[in-house]
$ cat query_18.csv   # CSV, C-alpha atoms
chain,number,residue,atom,x,y,z
A,1,MET,CA,-11.9,-8.3,-5.4
A,2,GLN,CA,-14.4,-10.0,-7.7
A,3,PHE,CA,-14.2,-10.6,-11.5
A,4,LEU,CA,-16.5,-11.9,-14.2
A,5,ARG,CA,-14.5,-13.6,-16.9
A,6,THR,CA,-15.1,-12.7,-20.5
A,7,HIS,CA,-13.5,-13.9,-23.7
A,8,ARG,CA,-14.7,-12.2,-26.9
A,9,LEU,CA,-13.9,-8.5,-26.6
A,10,LYS,CA,-13.5,-6.0,-29.3
A,11,HIS,CA,-13.2,-2.9,-27.1
A,12,ARG,CA,-9.7,-1.6,-26.1
A,13,ALA,CA,-10.4,-1.1,-22.4
A,14,PHE,CA,-13.7,0.6,-22.0
A,15,ASN,CA,-17.2,0.8,-23.2
A,16,SER,CA,-20.5,2.0,-21.8
A,17,ASP,CA,-21.5,-1.4,-20.4
A,18,TYR,CA,-18.4,-3.1,-19.1
A,19,GLN,CA,-15.0,-2.3,-17.6
A,20,PHE,CA,-12.1,-4.6,-18.5
A,21,LEU,CA,-8.8,-5.1,-16.7
A,22,LYS,CA,-6.1,-6.8,-18.7
A,23,LEU,CA,-4.3,-9.6,-16.8
A,24,GLY,CA,-1.9,-11.5,-19.0
A,25,LEU,CA,-3.8,-12.5,-22.1
A,26,VAL,CA,-7.2,-12.6,-20.5
A,27,ARG,CA,-9.5,-9.6,-19.7
A,28,TYR,CA,-11.9,-9.5,-16.8
A,29,VAL,CA,-14.7,-7.2,-15.7
A,30,VAL,CA,-13.9,-5.4,-12.5
A,31,THR,CA,-17.0,-5.5,-10.4
A,32,SER,CA,-15.9,-4.9,-6.8
A,33,CYS,CA,-12.8,-4.4,-4.6
A,34,ARG,CA,-11.7,-3.8,-1.1
A,35,ALA,CA,-12.3,-0.3,0.2
A,36,VAL,CA,-12.4,1.6,3.5
A,37,LEU,CA,-15.9,3.0,4.1
A,38,LEU,CA,-16.9,5.8,6.4
A,39,PRO,CA,-20.5,4.9,7.3
A,40,ARG,CA,-20.8,7.7,9.9
A,41,PHE,CA,-18.7,10.4,11.4
A,42,GLY,CA,-16.5,9.7,14.5
A,43,GLY,CA,-13.2,8.4,15.6
A,44,PRO,CA,-10.9,5.9,13.9
A,45,GLU,CA,-13.2,3.0,15.0
A,46,VAL,CA,-15.9,4.0,12.5
A,47,LEU,CA,-13.7,3.1,9.5
A,48,GLU,CA,-14.7,-0.2,7.9
A,49,LEU,CA,-12.5,-2.2,5.5
A,50,ARG,CA,-15.0,-4.1,3.3
A,51,PRO,CA,-14.1,-6.7,0.7
A,52,ASP,CA,-16.7,-6.1,-1.9
A,53,VAL,CA,-17.4,-2.4,-2.6
A,54,ASP,CA,-18.7,-1.7,-6.1
A,55,VAL,CA,-16.3,-0.2,-8.6
A,56,PRO,CA,-18.1,2.5,-10.5
A,57,LEU,CA,-18.1,2.7,-14.3
A,58,VAL,CA,-15.4,4.8,-15.8
A,59,LYS,CA,-16.6,7.8,-17.8
A,60,PRO,CA,-15.0,8.8,-21.1
A,61,ASN,CA,-12.6,11.4,-19.4
A,62,GLU,CA,-11.7,9.1,-16.5
A,63,VAL,CA,-9.2,6.4,-15.6
A,64,LEU,CA,-9.4,3.5,-13.1
A,65,VAL,CA,-6.2,3.3,-11.1
A,66,ARG,CA,-5.1,0.2,-9.2
A,67,ALA,CA,-3.8,1.7,-6.0
A,68,ARG,CA,-0.5,0.7,-4.6
A,69,ALA,CA,-0.1,3.4,-2.0
A,70,VAL,CA,-2.4,6.2,-0.7
A,71,SER,CA,-1.4,8.8,1.8
A,72,ILE,CA,-3.3,10.2,4.8
A,73,ASN,CA,-3.9,13.9,4.7
A,74,PRO,CA,-5.2,16.1,7.5
A,75,LEU,CA,-8.4,16.5,5.4
A,76,ASP,CA,-9.0,12.8,5.8
A,77,THR,CA,-9.0,12.8,9.6
A,78,ARG,CA,-11.0,16.0,9.7
A,79,MET,CA,-13.7,14.6,7.3
A,80,ARG,CA,-13.8,11.4,9.3
A,81,SER,CA,-14.6,13.5,12.4
A,82,GLY,CA,-17.3,15.5,10.7
A,83,TYR,CA,-15.7,18.3,8.9
A,84,GLY,CA,-17.8,19.2,5.8
A,85,ARG,CA,-20.8,17.4,7.4
A,86,SER,CA,-23.3,19.7,5.6
A,87,ILE,CA,-21.9,18.5,2.3
A,88,PHE,CA,-21.0,14.9,3.0
A,89,GLU,CA,-23.6,13.6,5.5
A,90,PRO,CA,-26.3,13.1,2.9
A,91,LEU,CA,-23.8,11.1,0.8
A,92,LEU,CA,-22.7,8.6,3.5
A,93,PRO,CA,-21.1,6.1,3.3
A,94,LEU,CA,-17.9,7.8,1.9
A,95,ILE,CA,-14.5,6.6,0.9
A,96,LEU,CA,-11.8,8.8,2.3
A,97,GLY,CA,-8.5,9.5,0.6
A,98,ARG,CA,-7.2,12.0,-1.9
A,99,ASP,CA,-3.6,11.0,-2.9
A,100,ILE,CA,-2.8,7.9,-4.9
A,101,SER,CA,0.0,6.1,-6.7
A,102,GLY,CA,-0.5,3.0,-8.7
A,103,GLU,CA,-1.1,1.7,-12.2
A,104,VAL,CA,-3.7,2.5,-14.8
A,105,ALA,CA,-6.2,-0.4,-15.1
A,106,ILE,CA,-8.8,1.1,-17.4
A,107,VAL,CA,-8.9,4.2,-19.6
A,108,GLY,CA,-12.0,6.1,-20.7
A,109,SER,CA,-12.7,6.5,-24.4
A,110,SER,CA,-11.6,10.1,-24.6
A,111,VAL,CA,-8.4,9.7,-22.5
A,112,HIS,CA,-5.3,9.9,-24.7
A,113,SER,CA,-2.4,10.9,-22.4
A,114,LEU,CA,-2.4,7.7,-20.3
A,115,SER,CA,-2.3,3.9,-21.1
A,116,ILE,CA,-3.2,0.7,-19.4
A,117,GLY,CA,-0.4,-0.6,-17.2
A,118,GLN,CA,1.3,2.9,-16.9
A,119,GLU,CA,2.5,3.9,-13.4
A,120,VAL,CA,0.8,7.1,-12.3
A,121,PHE,CA,0.2,9.3,-9.4
A,122,GLY,CA,-2.3,12.1,-8.7
A,123,ALA,CA,-5.0,13.4,-6.3
A,124,LEU,CA,-8.7,13.8,-6.2
A,125,HIS,CA,-10.4,17.2,-5.5
A,126,PRO,CA,-11.3,17.9,-1.8
A,127,THR,CA,-15.1,17.2,-2.2
A,128,ALA,CA,-14.7,13.8,-3.9
A,129,VAL,CA,-17.1,11.3,-2.4
A,130,ARG,CA,-15.4,8.1,-3.6
A,131,GLY,CA,-11.8,8.6,-2.4
A,132,THR,CA,-8.6,6.6,-2.8
A,133,TYR,CA,-8.7,4.3,0.3
A,134,ALA,CA,-9.5,1.3,-2.1
A,135,ASP,CA,-7.9,-1.2,-4.4
A,136,TYR,CA,-9.3,0.8,-7.3
A,137,ALA,CA,-10.0,4.5,-7.6
A,138,VAL,CA,-11.5,6.6,-10.4
A,139,LEU,CA,-9.8,9.8,-11.3
A,140,SER,CA,-10.3,12.2,-14.2
A,141,GLU,CA,-7.5,12.6,-16.7
A,142,ASP,CA,-6.6,16.0,-15.3
A,143,GLU,CA,-6.1,14.5,-11.8
A,144,VAL,CA,-3.4,12.0,-12.6
A,145,THR,CA,-0.2,11.8,-14.6
A,146,ALA,CA,2.9,9.6,-15.0
A,147,LYS,CA,4.6,8.7,-11.7
A,148,PRO,CA,8.2,9.9,-11.3
A,149,SER,CA,10.2,6.8,-12.2
A,150,SER,CA,12.9,7.7,-9.7
A,151,ILE,CA,10.7,7.3,-6.6
A,152,THR,CA,8.5,4.5,-5.1
A,153,HIS,CA,4.8,4.3,-5.0
A,154,VAL,CA,4.9,5.1,-1.3
A,155,GLU,CA,7.0,8.2,-1.9
A,156,ALA,CA,4.9,9.3,-4.8
A,157,SER,CA,1.6,9.0,-2.9
A,158,ALA,CA,2.7,11.5,-0.3
A,159,ILE,CA,3.2,14.4,-2.9
A,160,PRO,CA,0.2,15.3,-5.1
A,161,PHE,CA,-2.5,16.8,-2.8
A,162,ALA,CA,-0.1,18.8,-0.7
A,163,ALA,CA,2.0,20.0,-3.6
A,164,LEU,CA,-1.0,21.0,-5.7
A,165,THR,CA,-2.4,23.0,-2.8
A,166,ALA,CA,0.9,24.9,-2.5
A,167,TRP,CA,1.1,25.2,-6.3
A,168,ARG,CA,-2.3,26.9,-6.5
A,169,ALA,CA,-1.4,29.4,-3.8
A,170,LEU,CA,2.0,30.3,-5.2
A,171,LYS,CA,1.5,30.0,-8.9
A,172,SER,CA,-2.2,30.7,-9.6
A,173,THR,CA,-2.9,33.2,-6.8
A,174,ALA,CA,0.3,35.0,-5.8
A,175,ARG,CA,2.0,34.4,-9.2
A,176,LEU,CA,5.4,34.5,-7.5
A,177,SER,CA,8.4,35.3,-9.6
A,178,GLU,CA,12.2,35.3,-9.2
A,179,GLY,CA,13.6,37.5,-6.5
A,180,GLN,CA,10.3,37.9,-4.5
A,181,ARG,CA,10.0,37.2,-0.8
A,182,LEU,CA,7.7,34.5,0.6
A,183,LEU,CA,6.8,33.8,4.2
A,184,VAL,CA,5.4,30.4,5.0
A,185,ILE,CA,3.8,30.2,8.4
A,186,GLY,CA,3.9,26.5,9.3
A,187,GLY,CA,6.5,25.2,7.0
A,188,GLY,CA,6.8,21.8,8.8
A,189,GLY,CA,3.6,20.4,7.3
A,190,ALA,CA,3.3,18.8,3.9
A,191,VAL,CA,1.8,21.9,2.2
A,192,GLY,CA,4.2,24.3,3.8
A,193,PHE,CA,7.2,22.1,2.9
A,194,SER,CA,6.0,21.8,-0.7
A,195,ALA,CA,5.6,25.6,-0.9
A,196,ILE,CA,9.2,26.1,0.2
A,197,GLN,CA,10.5,23.7,-2.4
A,198,LEU,CA,8.3,25.1,-5.2
A,199,ALA,CA,9.4,28.7,-4.3
A,200,VAL,CA,13.0,27.7,-4.4
A,201,THR,CA,12.7,26.5,-8.0
A,202,VAL,CA,11.3,29.9,-8.9
A,203,GLY,CA,14.2,31.7,-7.3
A,204,CYS,CA,12.3,33.3,-4.3
A,205,HIS,CA,13.7,34.2,-0.9
A,206,ILE,CA,11.9,32.2,1.7
A,207,THR,CA,11.4,32.6,5.4
A,208,THR,CA,9.3,30.1,7.4
A,209,THR,CA,8.1,29.3,10.9
A,210,CYS,CA,8.2,25.7,12.2
A,211,GLY,CA,8.9,23.6,15.3
A,212,ARG,CA,12.4,23.1,16.5
A,213,GLN,CA,12.6,19.5,15.1
A,214,SER,CA,12.0,20.9,11.5
A,215,ILE,CA,14.5,23.7,11.5
A,216,ASN,CA,17.3,21.8,9.7
A,217,ARG,CA,14.9,20.3,7.2
A,218,MET,CA,13.6,23.7,6.2
A,219,LEU,CA,17.0,25.1,5.7
A,220,GLU,CA,18.2,22.1,3.7
A,221,ALA,CA,15.1,22.6,1.5
A,222,GLY,CA,16.2,26.2,0.7
A,223,ALA,CA,14.6,28.5,3.3
A,224,GLU,CA,16.9,31.3,4.1
A,225,LEU,CA,15.5,31.7,7.6
A,226,ALA,CA,13.6,29.1,9.7
A,227,VAL,CA,12.2,30.4,13.0
A,228,ASP,CA,11.2,28.1,15.9
A,229,TYR,CA,7.8,29.5,16.8
A,230,THR,CA,7.9,27.7,20.1
A,231,ALA,CA,11.0,29.5,21.3
A,232,GLU,CA,11.1,32.8,19.5
A,233,ASP,CA,8.9,35.8,19.0
A,234,ILE,CA,8.4,35.6,15.3
A,235,GLU,CA,7.5,39.2,15.0
A,236,LEU,CA,10.9,40.1,16.3
A,237,ALA,CA,12.9,37.4,14.7
A,238,ILE,CA,11.6,38.0,11.1
A,239,LYS,CA,12.7,41.2,9.4
A,240,GLY,CA,11.4,43.1,6.4
A,241,LYS,CA,8.3,42.8,4.2
A,242,PHE,CA,7.1,40.0,2.0
A,243,ASP,CA,5.4,39.7,-1.4
A,244,ALA,CA,3.3,36.8,-0.3
A,245,VAL,CA,2.4,34.9,2.9
A,246,LEU,CA,1.1,31.4,2.9
A,247,ASP,CA,-0.5,30.7,6.3
A,248,THR,CA,-1.0,27.0,6.8
A,249,ILE,CA,-2.1,27.5,10.5
A,250,GLY,CA,-4.8,30.0,9.9
A,251,VAL,CA,-5.7,31.2,13.4
A,252,PRO,CA,-6.4,34.9,14.2
A,253,ASP,CA,-2.9,35.5,15.6
A,254,THR,CA,-1.1,34.1,12.5
A,255,GLU,CA,-3.5,36.0,10.2
A,256,ARG,CA,-2.7,39.2,12.0
A,257,ILE,CA,1.1,38.6,11.9
A,258,GLY,CA,1.1,37.5,8.3
A,259,ILE,CA,-0.8,40.5,7.0
A,260,ASN,CA,1.4,42.9,8.9
A,261,PHE,CA,4.5,41.3,7.2
A,262,LEU,CA,3.1,42.0,3.7
A,263,ARG,CA,4.2,44.9,1.6
A,264,ARG,CA,1.5,46.8,-0.4
A,265,GLY,CA,0.3,44.7,-3.3
A,266,GLY,CA,1.2,41.5,-1.5
A,267,HIS,CA,-1.0,38.3,-1.1
A,268,TYR,CA,-2.1,36.7,2.1
A,269,MET,CA,-3.3,33.1,1.5
A,270,THR,CA,-4.7,30.9,4.3
A,271,LEU,CA,-5.5,27.2,4.1
A,272,GLN,CA,-8.1,27.6,6.8
A,273,GLY,CA,-11.0,29.3,5.0
A,274,GLU,CA,-14.3,29.4,6.9
A,275,ALA,CA,-16.6,28.1,4.2
A,276,ALA,CA,-16.8,24.5,5.5
A,277,SER,CA,-17.1,25.4,9.2
A,278,LEU,CA,-19.9,27.9,8.5
A,279,THR,CA,-21.9,25.6,6.3
A,280,ASP,CA,-21.5,22.9,8.9
A,281,ARG,CA,-22.9,25.3,11.5
A,282,TYR,CA,-25.7,26.8,9.6
A,283,GLY,CA,-26.3,24.5,6.6
A,284,LEU,CA,-25.5,25.1,3.0
A,285,ALA,CA,-28.3,27.5,2.2
A,286,VAL,CA,-27.3,29.9,5.0
A,287,GLY,CA,-23.7,29.1,5.7
A,288,LEU,CA,-22.3,29.5,2.2
A,289,PRO,CA,-23.7,33.0,1.7
A,290,ILE,CA,-22.3,34.0,5.2
A,291,ALA,CA,-18.9,32.6,4.2
A,292,THR,CA,-19.0,34.5,0.9
A,293,ALA,CA,-19.9,37.7,2.7
A,294,ILE,CA,-17.1,37.2,5.3
A,295,LEU,CA,-14.5,36.6,2.6
A,296,LEU,CA,-15.6,39.6,0.6
A,297,LYS,CA,-15.6,41.8,3.7
A,298,LYS,CA,-12.1,40.8,4.6
A,299,GLN,CA,-10.9,41.3,1.0
A,300,ILE,CA,-12.3,44.8,1.0
A,301,GLN,CA,-11.1,45.6,4.5
A,302,TYR,CA,-7.5,44.5,4.0
A,303,ARG,CA,-7.3,46.0,0.5
A,304,TYR,CA,-8.3,49.4,2.0
A,305,SER,CA,-6.3,49.2,5.2
A,306,HIS,CA,-3.1,47.4,4.1
A,307,GLY,CA,-3.2,47.5,0.3
A,308,ILE,CA,-3.0,43.7,0.1
A,309,GLU,CA,-5.0,40.8,-1.4
A,310,TYR,CA,-6.6,38.3,1.0
A,311,TRP,CA,-7.5,34.8,-0.1
A,312,TRP,CA,-8.8,31.4,1.1
A,313,THR,CA,-6.9,28.9,-0.8
A,314,TYR,CA,-7.8,25.2,-1.6
A,315,MET,CA,-6.4,22.4,-3.7
A,316,ARG,CA,-7.8,22.2,-7.2
A,317,ALA,CA,-7.0,19.8,-10.1
A,318,ASP,CA,-4.4,21.3,-12.4
A,319,ARG,CA,-2.8,19.0,-15.0
A,320,ASP,CA,-0.1,21.5,-15.9
A,321,GLY,CA,0.8,21.9,-12.2
A,322,LEU,CA,0.8,18.1,-11.7
A,323,VAL,CA,3.1,17.6,-14.6
A,324,GLU,CA,5.5,20.2,-13.3
A,325,ILE,CA,5.3,18.6,-9.8
A,326,ARG,CA,6.2,15.3,-11.4
A,327,ARG,CA,9.2,16.9,-13.2
A,328,LEU,CA,10.5,18.4,-10.0
A,329,SER,CA,10.0,15.2,-8.1
A,330,GLU,CA,11.8,13.2,-10.8
A,331,ALA,CA,14.7,15.6,-10.5
A,332,GLY,CA,14.8,15.4,-6.7
A,333,LYS,CA,13.7,19.0,-6.2
A,334,LEU,CA,10.4,18.2,-4.6
A,335,LYS,CA,9.9,15.5,-2.0
A,336,ILE,CA,7.7,14.9,1.1
A,337,PRO,CA,9.3,12.5,3.6
A,338,VAL,CA,7.2,9.6,4.6
A,339,GLU,CA,7.6,8.8,8.3
A,340,LYS,CA,5.6,5.6,8.6
A,341,THR,CA,3.6,3.2,6.5
A,342,PHE,CA,0.7,0.9,7.4
A,343,PRO,CA,-1.1,-1.8,5.4
A,344,ILE,CA,-4.6,-0.8,4.4
A,345,THR,CA,-5.9,-3.4,6.8
A,346,GLN,CA,-4.5,-1.2,9.6
A,347,VAL,CA,-6.2,2.0,8.6
A,348,ARG,CA,-7.8,2.4,12.0
A,349,GLU,CA,-4.4,2.2,13.7
A,350,ALA,CA,-3.0,4.7,11.2
A,351,HIS,CA,-5.8,7.2,11.9
A,352,LYS,CA,-5.5,6.7,15.6
A,353,ALA,CA,-1.8,7.5,15.5
A,354,LYS,CA,-2.4,10.7,13.5
A,355,ASP,CA,-5.2,11.7,15.9
A,356,LYS,CA,-2.9,11.3,18.9
A,357,LYS,CA,0.0,13.1,17.1
A,358,GLN,CA,2.2,10.0,17.6
A,359,ILE,CA,3.4,10.4,14.1
A,360,PRO,CA,4.0,14.1,13.2
A,361,GLY,CA,5.1,13.3,9.6
A,362,LYS,CA,3.5,11.8,6.6
A,363,VAL,CA,1.7,8.4,6.9
A,364,VAL,CA,1.0,6.2,3.9
A,365,LEU,CA,-1.3,3.2,3.5
A,366,GLU,CA,0.0,0.4,1.3
A,367,LEU,CA,-2.1,-1.9,-0.8
A,368,ASP,CA,-0.9,-5.3,-1.9
$ encode --input "query_18.csv" --output "structure tokens"
Amino acid sequence: MQFLRTHRLKHRAFNSDYQFLKLGLVRYVVTSCRAVLLPRFGGPEVLELRPDVDVPLVKPNEVLVRARAVSINPLDTRMRSGYGRSIFEPLLPLILGRDISGEVAIVGSSVHSLSIGQEVFGALHPTAVRGTYADYAVLSEDEVTAKPSSITHVEASAIPFAALTAWRALKSTARLSEGQRLLVIGGGGAVGFSAIQLAVTVGCHITTTCGRQSINRMLEAGAELAVDYTAEDIELAIKGKFDAVLDTIGVPDTERIGINFLRRGGHYMTLQGEAASLTDRYGLAVGLPIATAILLKKQIQYRYSHGIEYWWTYMRADRDGLVEIRRLSEAGKLKIPVEKTFPITQVREAHKAKDKKQIPGKVVLELD
């Protein structure tokens, strides 16, 4: 990281020309830092850790966060391989990463809820071009909040993106309430596991599908029934109708099963919307209208044939949601286990392990 020393400063921590990081009694201008760049799409070998990537100026509603831990999400490995190419290729090189836990280094002039030196965690939106695989990351005030004091930076970095994805589906879309039934197809992943824990706090009755190795973890988290999809016919093992289905797998078979398990007025939500794949195939100008038409067709079709609501669901910044996620994490009611950590210098090895499914659980990159 490179600094330009300065002595006579009247600004608190930000102005339109410089960015200042307080270290002891001296303030410095942050000009560059280490970051993992994605110069082209491909395998883990395309990732490049560079020592002197420019740090962008912080806007009035933004903060600069000194990263201590960033987690690897499925979106990261998919983007690295070319997912979202129609959007991101013109913007290469990119910095991957969505989750972050660290300390506030700089605050924008209109930021009032955060202060320099405060430990925070949060997540960038899915289409961010400058991600969190860097010593310093820029996030808006709505994308970050105080880190739960009861957990480490590594533990905190695993939570926000997955939990906010689940939060949007359950709270903003399905609006689940006490006593309702939720089916999570694929509860073993971070989003599915977050959904189970969030639904438990509301007082819902939860059923999930997962692999055999995750059964006990699902039940301990509060699911009333966890079905091993590799050994059982889930259509026979699961009984009754549900108010909402969150499908984290999103293939035609799970879509059919999930919709058939819904009662009238229920909500089917899939993480595997077709917008990105269609725009990659046909380009933004053609692919996006096709995706919109397909979604609208399915919504009308299922509303007419089954009386249910059909949604493609994505993560979106939600400050109220993030604050609630922090509260639940602080109380031990929401956690995502971290299976392995790597130093940021071994980012290629970490991505390679995820690609080869050598590490089924959450992987976190640590920054010193």
$ residues_around --input "query_18.csv" --residues "Thr209 of chain A" --least-positions-apart "3" --cutoff "7 Å" --atoms "only C-alpha atoms" --output "list in words"
Val184, Ile185, Gly186, Gly187, Ala226, Val227, Asp228 and Tyr229 of chain A
$ residues_around --input "query_18.csv" --residues "segment 144-155 of chain A" --least-positions-apart "6" --cutoff "8 Å" --atoms "only C-alpha atoms" --output "PDB file with C-alpha atoms, in the frame of the given file"
ATOM      1  CA  ARG A  68      -0.500   0.700  -4.600  1.00  0.00           C
ATOM      2  CA  ALA A  69      -0.100   3.400  -2.000  1.00  0.00           C
ATOM      3  CA  VAL A  70      -2.400   6.200  -0.700  1.00  0.00           C
ATOM      4  CA  SER A  71      -1.400   8.800   1.800  1.00  0.00           C
ATOM      5  CA  SER A 101       0.000   6.100  -6.700  1.00  0.00           C
ATOM      6  CA  GLY A 102      -0.500   3.000  -8.700  1.00  0.00           C
ATOM      7  CA  LEU A 114      -2.400   7.700 -20.300  1.00  0.00           C
ATOM      8  CA  GLN A 118       1.300   2.900 -16.900  1.00  0.00           C
ATOM      9  CA  GLU A 119       2.500   3.900 -13.400  1.00  0.00           C
ATOM     10  CA  VAL A 120       0.800   7.100 -12.300  1.00  0.00           C
ATOM     11  CA  PHE A 121       0.200   9.300  -9.400  1.00  0.00           C
ATOM     12  CA  GLY A 122      -2.300  12.100  -8.700  1.00  0.00           C
ATOM     13  CA  ALA A 123      -5.000  13.400  -6.300  1.00  0.00           C
ATOM     14  CA  ARG A 319      -2.800  19.000 -15.000  1.00  0.00           C
ATOM     15  CA  LEU A 322       0.800  18.100 -11.700  1.00  0.00           C
ATOM     16  CA  VAL A 323       3.100  17.600 -14.600  1.00  0.00           C
ATOM     17  CA  ARG A 326       6.200  15.300 -11.400  1.00  0.00           C
ATOM     18  CA  ARG A 327       9.200  16.900 -13.200  1.00  0.00           C
ATOM     19  CA  SER A 329      10.000  15.200  -8.100  1.00  0.00           C
ATOM     20  CA  GLU A 330      11.800  13.200 -10.800  1.00  0.00           C
ATOM     21  CA  LYS A 335       9.900  15.500  -2.000  1.00  0.00           C
ATOM     22  CA  ILE A 336       7.700  14.900   1.100  1.00  0.00           C
ATOM     23  CA  PRO A 337       9.300  12.500   3.600  1.00  0.00           C
ATOM     24  CA  VAL A 338       7.200   9.600   4.600  1.00  0.00           C
ATOM     25  CA  VAL A 364       1.000   6.200   3.900  1.00  0.00           C
ATOM     26  CA  GLU A 366       0.000   0.400   1.300  1.00  0.00           C
TER      27      GLU A 366
END
$ residues_near_point --input "query_18.csv" --point "(6.5, 21.8, 10.5)" --cutoff "9 Å" --atoms "only C-alpha atoms" --output "list in words"
Gly186, Gly187, Gly188, Gly189, Ala190, Gly192, Phe193, Thr209, Cys210, Gly211, Arg212, Gln213, Ser214, Ile215, Met218, Pro360 and Gly361 of chain A
$ closest_residue --input "query_18.csv" --among "A:Leu183, A:Val245, A:Leu295, A:Leu38" --to "Gly82 of chain A" --atoms "all atoms listed in the file"
A:Leu38
$ closest_residue --input "query_18.csv" --among "A:Glu232, A:Glu62, A:Asp280, A:Asp135" --to "Glu89 of chain A" --atoms "all atoms listed in the file"
A:Asp280
$ residues_around --input "query_18.csv" --residues "Val55 of chain A" --least-positions-apart "5" --cutoff "10 Å" --atoms "all atoms listed in the file" --output "list in words"
Met1, Gln19, Val30, Thr31, Ser32, Cys33, Arg34, Ala35, Leu64, Arg130, Ala134, Asp135, Tyr136, Ala137 and Val138 of chain A
$ closest_residue --input "query_18.csv" --among "A:Leu225, A:Leu288, A:Ala317, A:Cys204" --to "Ala276 of chain A" --atoms "all atoms listed in the file"
A:Leu288
$ atom_distance --input "query_18.csv" --atom1 "atom CA of Pro44 of chain A" --atom2 "atom CA of Ile359 of chain A"
15.0 Å
$ atom_distance --input "query_18.csv" --atom1 "atom CA of Val202 of chain A" --atom2 "atom CA of Thr173 of chain A"
14.7 Å
$ atom_distance --input "query_18.csv" --atom1 "atom CA of Ser86 of chain A" --atom2 "atom CA of Ala291 of chain A"
13.7 Å
$ closest_residue --input "query_18.csv" --among "A:His205, A:Lys241, A:Arg50, A:Lys352" --to "Val36 of chain A" --atoms "only C-alpha atoms"
A:Arg50
$ closest_residue --input "query_18.csv" --among "A:Ile106, A:Glu255, A:Pro39, A:Ala158" --to "Lys340 of chain A" --atoms "all atoms listed in the file"
A:Ala158
$ residues_near_point --input "query_18.csv" --point "(-16.4, 16.1, 3.4)" --cutoff "12 Å" --atoms "only C-alpha atoms" --output "NGL selection string"
:A and (38 or 40-41 or 74-98 or 125-131 or 276-277 or 279-280)
$ closest_residue --input "query_18.csv" --among "A:Leu49, A:Ile100, A:Ala163, A:Glu141" --to "Glu324 of chain A" --atoms "all atoms listed in the file"
A:Ala163
$ axis_aligned_box --input "query_18.csv" --around "segment 284-292 of chain A" --padding-each-side "6 Å" --output "JSON"
{"center_x": -23.6, "center_y": 29.8, "center_z": 3.3, "size_x": 21.4, "size_y": 21.4, "size_z": 16.8}
$ decode --input "query_18.csv" --residues "segment 131-141 of chain A" --atoms "N, CA, C and O atoms" --output "PDB file, in the first residue's frame"
ATOM      1  N   GLY A 131     -14.888  -4.973  -6.203  1.00  0.00           N
ATOM      2  CA  GLY A 131     -15.338  -5.791  -5.087  1.00  0.00           C
ATOM      3  C   GLY A 131     -14.452  -5.682  -3.859  1.00  0.00           C
ATOM      4  O   GLY A 131     -13.700  -4.713  -3.686  1.00  0.00           O
ATOM      5  N   THR A 132     -14.502  -6.709  -3.023  1.00  0.00           N
ATOM      6  CA  THR A 132     -13.872  -6.645  -1.707  1.00  0.00           C
ATOM      7  C   THR A 132     -12.569  -7.426  -1.590  1.00  0.00           C
ATOM      8  O   THR A 132     -11.962  -7.443  -0.525  1.00  0.00           O
ATOM      9  N   TYR A 133     -12.107  -8.074  -2.665  1.00  0.00           N
ATOM     10  CA  TYR A 133     -10.823  -8.778  -2.607  1.00  0.00           C
ATOM     11  C   TYR A 133      -9.692  -7.760  -2.663  1.00  0.00           C
ATOM     12  O   TYR A 133      -8.906  -7.691  -3.609  1.00  0.00           O
ATOM     13  N   ALA A 134      -9.573  -6.937  -1.643  1.00  0.00           N
ATOM     14  CA  ALA A 134      -8.589  -5.859  -1.626  1.00  0.00           C
ATOM     15  C   ALA A 134      -8.362  -5.417  -0.189  1.00  0.00           C
ATOM     16  O   ALA A 134      -9.196  -5.656   0.692  1.00  0.00           O
ATOM     17  N   ASP A 135      -7.221  -4.755   0.053  1.00  0.00           N
ATOM     18  CA  ASP A 135      -6.962  -4.217   1.390  1.00  0.00           C
ATOM     19  C   ASP A 135      -8.013  -3.182   1.781  1.00  0.00           C
ATOM     20  O   ASP A 135      -8.356  -3.059   2.957  1.00  0.00           O
ATOM     21  N   TYR A 136      -8.487  -2.425   0.785  1.00  0.00           N
ATOM     22  CA  TYR A 136      -9.499  -1.402   1.041  1.00  0.00           C
ATOM     23  C   TYR A 136     -10.643  -1.550   0.048  1.00  0.00           C
ATOM     24  O   TYR A 136     -10.408  -1.730  -1.151  1.00  0.00           O
ATOM     25  N   ALA A 137     -11.854  -1.450   0.540  1.00  0.00           N
ATOM     26  CA  ALA A 137     -13.039  -1.535  -0.310  1.00  0.00           C
ATOM     27  C   ALA A 137     -13.970  -0.371  -0.003  1.00  0.00           C
ATOM     28  O   ALA A 137     -14.068   0.066   1.151  1.00  0.00           O
ATOM     29  N   VAL A 138     -14.648   0.111  -1.025  1.00  0.00           N
ATOM     30  CA  VAL A 138     -15.598   1.216  -0.878  1.00  0.00           C
ATOM     31  C   VAL A 138     -17.019   0.660  -0.887  1.00  0.00           C
ATOM     32  O   VAL A 138     -17.401  -0.079  -1.796  1.00  0.00           O
ATOM     33  N   LEU A 139     -17.791   1.015   0.136  1.00  0.00           N
ATOM     34  CA  LEU A 139     -19.186   0.596   0.232  1.00  0.00           C
ATOM     35  C   LEU A 139     -20.039   1.809   0.571  1.00  0.00           C
ATOM     36  O   LEU A 139     -19.561   2.764   1.205  1.00  0.00           O
ATOM     37  N   SER A 140     -21.301   1.764   0.173  1.00  0.00           N
ATOM     38  CA  SER A 140     -22.213   2.836   0.565  1.00  0.00           C
ATOM     39  C   SER A 140     -22.616   2.631   2.021  1.00  0.00           C
ATOM     40  O   SER A 140     -22.463   1.534   2.582  1.00  0.00           O
ATOM     41  N   GLU A 141     -23.123   3.685   2.638  1.00  0.00           N
ATOM     42  CA  GLU A 141     -23.529   3.606   4.041  1.00  0.00           C
ATOM     43  C   GLU A 141     -24.591   2.538   4.251  1.00  0.00           C
ATOM     44  O   GLU A 141     -24.647   1.895   5.301  1.00  0.00           O
TER      45      GLU A 141
END
